[in-house]
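Data from my_file04.cif: mmCIF, C-alpha atoms
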data_run
loop_
_atom_site.label_atom_id
_atom_site.label_comp_id
_atom_site.auth_asym_id
_atom_site.auth_seq_id
_atom_site.Cartn_x
_atom_site.Cartn_y
_atom_site.Cartn_z
CA MET A 131 117.67 118.28 112.25
CA ALA A 132 115.35 117.09 115.05
CA TRP A 133 111.74 116.60 113.92
CA LEU A 134 110.36 116.27 117.46
CA ASP A 135 107.73 118.99 118.04
CA LYS A 136 108.68 120.68 114.76
CA ARG A 137 105.62 122.48 113.37
CA ILE A 138 105.01 121.15 109.85
CA PHE A 139 102.43 122.03 107.19
CA VAL A 140 101.72 119.47 104.44
CA THR A 141 99.62 120.24 101.37
CA GLY A 142 98.49 117.35 99.20
CA SER A 143 98.42 115.15 102.28
CA THR A 144 95.89 112.68 100.88
CA GLY A 145 97.98 111.93 97.80
CA LEU A 146 100.36 109.00 97.57
CA VAL A 147 103.47 110.83 98.81
CA GLY A 148 101.49 113.00 101.22
CA GLN A 149 100.09 109.99 103.05
CA TRP A 150 103.47 108.36 103.55
CA LEU A 151 105.22 111.64 104.37
CA THR A 152 102.63 112.60 106.98
CA ARG A 153 102.93 109.21 108.64
CA ALA A 154 106.75 109.51 108.66
CA LEU A 155 106.58 112.97 110.24
CA LEU A 156 104.14 111.83 112.93
CA ALA A 157 106.38 108.84 113.69
CA ARG A 158 109.24 111.30 114.28
CA GLY A 159 107.17 113.32 116.75
CA ALA A 160 106.45 116.31 114.53
CA ASP A 161 103.44 118.56 115.11
CA VAL A 162 101.72 118.23 111.73
CA VAL A 163 99.01 120.30 110.06
CA ILE A 164 97.56 118.86 106.85
CA LEU A 165 95.46 120.52 104.18
CA VAL A 166 92.62 118.36 102.82
CA ARG A 167 90.46 119.48 99.93
CA ASP A 168 88.70 116.15 99.30
CA GLY A 169 88.69 112.98 101.38
CA VAL A 170 89.96 109.82 99.69
CA PRO A 171 89.04 106.16 100.38
CA ALA A 172 92.49 105.25 101.70
CA MET A 173 92.62 107.97 104.39
CA HIS A 174 91.39 105.63 107.12
CA GLU A 175 94.37 103.38 106.49
CA PHE A 176 96.74 105.98 107.94
CA ASN A 177 94.99 106.85 111.22
CA TRP A 178 95.63 110.60 111.09
CA THR A 179 96.55 112.10 114.48
CA CYS A 180 97.21 115.65 113.36
CA ASN A 181 95.50 118.97 112.72
CA ILE A 182 93.27 118.64 109.65
CA ILE A 183 92.30 121.81 107.78
CA ARG A 184 89.67 121.62 105.05
CA GLY A 185 90.32 123.96 102.15
CA ASP A 186 92.06 124.71 98.88
CA VAL A 187 95.72 125.62 98.42
CA CYS A 188 94.61 128.39 96.02
CA ASP A 189 93.01 130.23 98.95
CA GLN A 190 95.85 132.59 99.94
CA SER A 191 94.04 134.00 102.97
CA LEU A 192 93.58 130.47 104.31
CA MET A 193 97.27 129.75 103.71
CA GLU A 194 98.19 132.87 105.68
CA ARG A 195 95.88 131.88 108.53
CA ILE A 196 97.35 128.38 108.75
CA LEU A 197 100.94 129.63 108.70
CA ASN A 198 100.19 132.19 111.40
CA GLU A 199 97.88 130.27 113.73
CA TYR A 200 99.96 127.09 113.74
CA ASP A 201 103.30 128.94 113.75
CA VAL A 202 104.54 126.78 110.87
CA GLU A 203 108.29 126.20 110.56
CA VAL A 204 108.50 123.74 107.64
CA ILE A 205 106.23 123.34 104.61
CA PHE A 206 105.96 120.38 102.26
CA HIS A 207 103.99 121.51 99.22
CA LEU A 208 102.70 118.39 97.47
CA ALA A 209 99.22 119.54 96.40
CA ALA A 210 98.71 119.10 92.67
CA MET A 211 96.46 117.84 89.95
CA ALA A 212 98.67 114.81 89.50
CA ILE A 213 97.01 112.69 86.82
CA VAL A 214 98.71 113.47 83.51
CA SER A 215 95.85 112.38 81.26
CA TYR A 216 93.23 114.27 83.30
CA ALA A 217 95.36 117.42 83.39
CA ASN A 218 95.84 117.24 79.63
CA GLU A 219 92.07 117.04 79.16
CA HIS A 220 91.32 119.75 81.76
CA PRO A 221 94.21 122.21 81.52
CA VAL A 222 92.51 125.04 83.44
CA GLY A 223 92.27 122.87 86.56
CA ALA A 224 95.91 121.84 86.20
CA TYR A 225 97.08 125.43 85.91
CA GLN A 226 94.86 126.63 88.75
CA THR A 227 96.09 124.01 91.22
CA ASN A 228 99.67 123.42 90.12
CA VAL A 229 100.57 127.00 89.21
CA MET A 230 98.29 129.37 91.11
CA GLY A 231 98.18 127.10 94.16
CA THR A 232 101.96 127.38 94.34
CA VAL A 233 101.80 131.16 93.92
CA SER A 234 99.18 131.46 96.67
CA LEU A 235 101.22 129.39 99.11
CA LEU A 236 104.56 131.07 98.40
CA GLU A 237 103.01 134.54 98.57
CA ALA A 238 101.45 133.62 101.92
CA VAL A 239 104.87 132.49 103.14
CA ARG A 240 106.42 135.74 101.91
CA GLN A 241 103.78 137.77 103.71
CA VAL A 242 103.65 136.03 107.09
CA LYS A 243 106.39 133.36 107.47
CA PRO A 244 109.38 134.26 105.27
CA GLU A 245 111.74 132.35 107.57
CA ALA A 246 109.95 129.01 106.98
CA ARG A 247 111.72 126.25 105.08
CA ILE A 248 109.85 124.86 102.07
CA ALA A 249 110.14 121.71 99.99
CA ILE A 250 108.13 121.75 96.76
CA ALA A 251 107.18 118.80 94.56
CA SER A 252 108.09 119.49 90.97
CA SER A 253 108.42 116.53 88.57
CA ASP A 254 110.58 114.91 85.95
CA LYS A 255 107.74 115.87 83.58
CA ALA A 256 108.83 119.51 83.90
CA TYR A 257 111.80 118.74 81.66
CA GLY A 258 109.55 117.64 78.79
CA ALA A 259 110.67 115.41 75.95
CA CYS A 260 114.44 115.30 75.50
CA ASP A 261 116.74 113.52 73.06
CA HIS A 262 119.67 113.53 75.49
CA LEU A 263 118.94 111.55 78.64
CA PRO A 264 119.30 111.36 81.58
CA TYR A 265 117.86 114.64 82.78
CA THR A 266 120.19 116.80 84.86
CA GLU A 267 119.23 119.82 86.93
CA ASP A 268 120.92 122.28 84.55
CA MET A 269 118.70 121.26 81.62
CA PRO A 270 115.95 123.70 80.56
CA LEU A 271 112.39 123.02 81.70
CA SER A 272 110.58 122.37 78.43
CA GLY A 273 107.27 120.77 79.37
CA ARG A 274 104.72 121.35 76.60
CA ASN A 275 101.60 119.31 77.40
CA PRO A 276 99.34 120.90 80.06
CA TYR A 277 100.52 118.75 82.98
CA ASP A 278 104.19 119.00 82.02
CA CYS A 279 103.91 122.74 81.43
CA SER A 280 102.11 123.31 84.74
CA LYS A 281 104.91 121.54 86.64
CA ALA A 282 107.58 123.50 84.73
CA CYS A 283 105.78 126.73 85.65
CA GLN A 284 105.49 125.68 89.29
CA ASP A 285 109.18 124.84 89.37
CA LEU A 286 110.22 128.18 87.86
CA ILE A 287 107.91 130.11 90.18
CA ALA A 288 109.48 128.38 93.19
CA GLN A 289 112.95 129.28 91.92
CA SER A 290 111.81 132.87 91.37
CA TYR A 291 110.53 133.23 94.94
CA GLN A 292 113.78 131.83 96.23
CA LEU A 293 115.99 134.12 94.14
CA THR A 294 113.98 137.37 94.23
CA GLN A 295 112.10 137.15 97.54
CA GLY A 296 114.69 135.30 99.59
CA LEU A 297 112.47 132.38 100.51
CA HIS A 298 114.15 129.14 101.56
CA VAL A 299 112.83 126.81 98.84
CA ALA A 300 114.06 123.34 97.86
CA ILE A 301 112.58 121.66 94.78
CA SER A 302 112.31 117.93 94.17
CA ARG A 303 112.11 116.50 90.67
CA CYS A 304 111.25 112.82 91.09
CA GLY A 305 110.78 109.95 88.69
CA ASN A 306 107.49 108.04 88.40
CA ILE A 307 106.44 107.39 91.99
CA TYR A 308 104.70 104.17 93.03
CA GLY A 309 103.71 102.44 96.24
CA GLY A 310 100.78 101.30 98.36
CA GLY A 311 98.06 103.92 98.79
CA ASP A 312 97.92 105.13 95.19
CA LEU A 313 94.26 104.77 94.19
CA ASN A 314 94.63 106.42 90.80
CA TRP A 315 93.79 103.24 88.93
CA ASN A 316 94.75 104.54 85.48
CA ARG A 317 98.40 104.53 86.55
CA LEU A 318 100.56 101.67 85.38
CA ILE A 319 101.37 99.87 88.63
CA PRO A 320 98.03 100.14 90.51
CA ASN A 321 96.13 99.26 87.34
CA THR A 322 98.30 96.22 86.61
CA ILE A 323 98.18 94.86 90.17
CA ARG A 324 94.41 95.31 90.48
CA ARG A 325 93.79 93.58 87.16
CA LEU A 326 95.98 90.63 88.16
CA VAL A 327 94.32 90.36 91.59
CA ARG A 328 90.96 90.19 89.80
CA GLY A 329 92.14 87.65 87.25
CA GLU A 330 92.05 90.19 84.42
CA THR A 331 94.64 90.87 81.73
CA PRO A 332 96.93 93.91 82.27
CA VAL A 333 96.70 96.71 79.73
CA ILE A 334 99.38 98.88 78.15
CA TYR A 335 97.81 102.08 76.85
CA GLY A 336 100.85 103.03 74.77
CA THR A 337 103.23 100.81 72.85
CA GLY A 338 105.01 99.21 75.79
CA TYR A 339 108.35 100.59 74.60
CA GLU A 340 107.99 103.84 76.54
CA THR A 341 110.56 104.10 79.32
CA ARG A 342 110.21 105.40 82.86
CA ASP A 343 112.37 105.84 85.97
CA LEU A 344 110.29 104.21 88.73
CA PHE A 345 110.79 105.44 92.28
CA TYR A 346 109.38 103.77 95.41
CA VAL A 347 107.38 106.03 97.73
CA GLU A 348 109.39 105.38 100.91
CA ASP A 349 112.53 106.51 99.08
CA VAL A 350 110.61 109.61 98.00
CA VAL A 351 109.71 110.39 101.61
CA GLN A 352 113.34 110.12 102.65
CA ALA A 353 114.29 112.45 99.81
CA TYR A 354 111.88 115.13 101.11
CA LEU A 355 113.07 114.76 104.68
CA THR A 356 116.67 115.02 103.47
CA LEU A 357 116.00 118.28 101.62
CA ILE A 358 114.93 119.90 104.89
CA GLU A 359 117.47 118.15 107.11
CA LYS A 360 120.32 119.27 104.84
CA ASP A 361 118.96 122.82 104.56
CA ALA A 362 118.94 122.49 100.76
CA THR A 363 117.74 125.10 98.29
CA GLY A 364 117.11 124.92 94.56
CA PRO A 365 116.28 121.88 92.42
CA TYR A 366 117.35 118.27 92.98
CA ASN A 367 116.60 115.17 90.94
CA PHE A 368 115.67 112.06 92.90
CA SER A 369 115.47 108.65 91.24
CA THR A 370 117.03 105.24 90.88
CA GLY A 371 118.45 106.21 87.49
CA GLU A 372 117.21 102.96 85.94
CA GLU A 373 115.37 103.36 82.63
CA LEU A 374 112.67 100.67 82.34
CA THR A 375 110.24 99.90 79.54
CA VAL A 376 106.57 99.78 80.46
CA SER A 377 106.33 96.22 79.16
CA SER A 378 109.24 95.07 81.33
CA VAL A 379 107.60 96.57 84.43
CA ILE A 380 104.39 94.64 83.75
CA SER A 381 106.41 91.48 83.18
CA THR A 382 108.13 91.95 86.54
CA ILE A 383 104.81 92.44 88.33
CA CYS A 384 103.39 89.31 86.68
CA ARG A 385 106.41 87.30 87.80
CA LEU A 386 106.25 88.57 91.39
CA MET A 387 102.52 87.81 91.54
CA GLU A 388 103.13 84.36 90.01
CA LYS A 389 100.93 85.10 87.01
CA PRO A 390 101.58 84.38 83.31
CA VAL A 391 103.28 87.26 81.52
CA HIS A 392 100.46 88.44 79.27
CA TYR A 393 99.07 91.89 78.49
CA ASN A 394 97.05 93.77 75.88
CA THR A 395 98.76 96.63 74.06
CA LEU A 396 96.33 99.36 72.95
CA ASN A 397 98.78 101.89 71.48
CA GLN A 398 96.35 104.70 72.32
CA ALA A 399 98.28 106.85 74.79
CA GLY A 400 98.61 110.45 73.64
CA GLY A 401 100.27 113.47 75.20
CA GLN A 402 102.90 111.38 76.96
CA ILE A 403 106.67 111.88 77.05
CA PRO A 404 108.08 108.73 75.42
CA ASN A 405 111.31 108.30 77.40
CA GLN A 406 112.36 109.55 80.83
CA VAL A 407 115.21 108.87 83.23
CA LEU A 408 116.87 111.11 85.81
CA ASP A 409 120.45 111.66 86.93
CA SER A 410 120.34 112.08 90.72
CA SER A 411 124.10 112.40 91.24
CA LYS A 412 123.68 115.97 92.57
CA ALA A 413 121.50 114.72 95.44
CA ARG A 414 123.83 111.82 96.09
CA THR A 415 126.92 114.05 96.17
CA GLU A 416 125.61 117.18 97.90
CA LEU A 417 123.01 115.65 100.23
CA GLY A 418 124.42 112.17 100.78
CA TRP A 419 121.08 110.72 99.69
CA GLU A 420 120.75 107.21 98.23
CA PRO A 421 117.65 105.18 97.34
CA GLU A 422 117.20 102.11 99.50
CA TYR A 423 114.73 100.14 97.38
CA THR A 424 115.31 98.23 94.18
CA LEU A 425 112.38 97.92 91.79
CA GLU A 426 111.74 94.35 92.92
CA ASN A 427 111.84 95.18 96.64
CA GLY A 428 109.54 98.16 96.15
CA LEU A 429 107.11 96.13 94.06
CA ILE A 430 106.98 93.33 96.62
CA LYS A 431 105.84 95.79 99.31
CA THR A 432 103.47 97.51 96.90
CA ILE A 433 101.84 94.26 95.78
CA ALA A 434 101.36 93.21 99.42
CA TRP A 435 99.62 96.54 100.18
CA TYR A 436 97.19 96.22 97.27
CA ARG A 437 96.40 92.58 97.98
CA GLU A 438 95.38 93.54 101.52
CA TYR A 439 93.48 96.64 100.40
CA LEU A 440 91.60 94.85 97.61
CA LYS A 441 90.32 92.11 99.90
#
Could you quickly redo this structure as structure tokens?
Amino acid sequence: MAWLDKRIFVTGSTGLVGQWLTRALLARGADVVILVRDGVPAMHEFNWTCNIIRGDVCDQSLMERILNEYDVEVIFHLAAMAIVSYANEHPVGAYQTNVMGTVSLLEAVRQVKPEARIAIASSDKAYGACDHLPYTEDMPLSGRNPYDCSKACQDLIAQSYQLTQGLHVAISRCGNIYGGGDLNWNRLIPNTIRRLVRGETPVIYGTGYETRDLFYVEDVVQAYLTLIEKDATGPYNFSTGEELTVSSVISTICRLMEKPVHYNTLNQAGGQIPNQVLDSSKARTELGWEPEYTLENGLIKTIAWYREYLK
């Protein structure tokens, strides 16, 4: 698929993935429209040269206007309340944005642009806690905490619009995404790097034995582009498939930043899924997708970004 002059609409454009995806689309010559609800401090880093619309994804009439006026062909729906702890404390906001925002957008597509191709950001959290890992796409979506449940609902709604309304919807379920530009400082990797840059001790909010499947943002961007380029529909897992303990991730960051391996363990994290890892063999087989970055390579680029930003 040629991206040159393709008319693209990106929600959640100021988030971590949205920033990198928008930049990748502009570099490929796409005609990009982004939805911005709130400005973020890192926006100036990306030198936006696209159509910027201020508004909320829950505003269906605005979604219809954007789709019509800009003659949108492809939609990347990334808008979400994305902080797990905040969503768990404020469930109404999580359900409004993650669930009803998705309904508003998909209904707008159904009404005015049913031929558009859509890629929607679900999450590995939609699967919920599971005793039999890794997650595969045929597993039930069993998220129970507010964030996890909201992503499971979003995922099922997207599948429903595809199956019953004939919309062309692809769904990504990614591991824990990291990379430069993430200013949510309560997340593991930004928090650890910032503390080390400032000469402070990293903190583990849980036990340190929790496991995650970490996924570098530039690999995530390529996954989204691949979903559209391959004309995919339905859900796909994207990940490295490597299950890492939180403590080992902090140890790796300390080593790469040439700092002593030392951290404080608080054992206070609640409402978190203890262990997560994804099987992305479906994406590898059907789409020919492969991650390019190892954890160490991704962390090296991420650390360099934060060191420059935190100057």
For this session: List the residues matched by the PyMOL selection byres ((chain A and resi 359-376) around 7) in the displayed structure as a PyMOL selection string, ordered by chain and then by residue number.
Result: chain A and resi 131+267+289+298-305+338-343+345+355-358+377-380+407-410+412-413+417+421
Exercise. Could you write out as JSON, numbers by chain the residues that the PyMOL selection byres ((chain A and resi 157-162) around 9) matches in the shown file?
Worked result: {"A": [132, 133, 134, 135, 136, 137, 138, 139, 140, 152, 153, 154, 155, 156, 163, 164, 179, 180, 181, 182]}
For this session: Check which residues satisfy the PyMOL selection byres ((chain A and resi 167) around 6) in the file shown, then give them as a list in words.
Result: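 Taken over the shown coordinates, the PyMOL selection byres ((chain A and resi 167) around 6) returns Val166, Asp168, Arg184, Gly185 and Asp186 of chain A.
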For this session: Would you be able to write out as number ranges by chain which residues have an atom within 12 Å of (110.2, 120.1, 83.3) in the file's coordinates, counting only C-alpha atoms?
Result: A: 251-260, 265-286, 301-305, 365, 367, 403, 406, 408
Exercise. Counting all atoms listed in the file, which of A:Ile205, A:Ala246, A:Met230, A:Val347 gets nearest to Leu146 (chain A)?
Worked result: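 The answer is A:Val347, which sits nearest to Leu146 (chain A).
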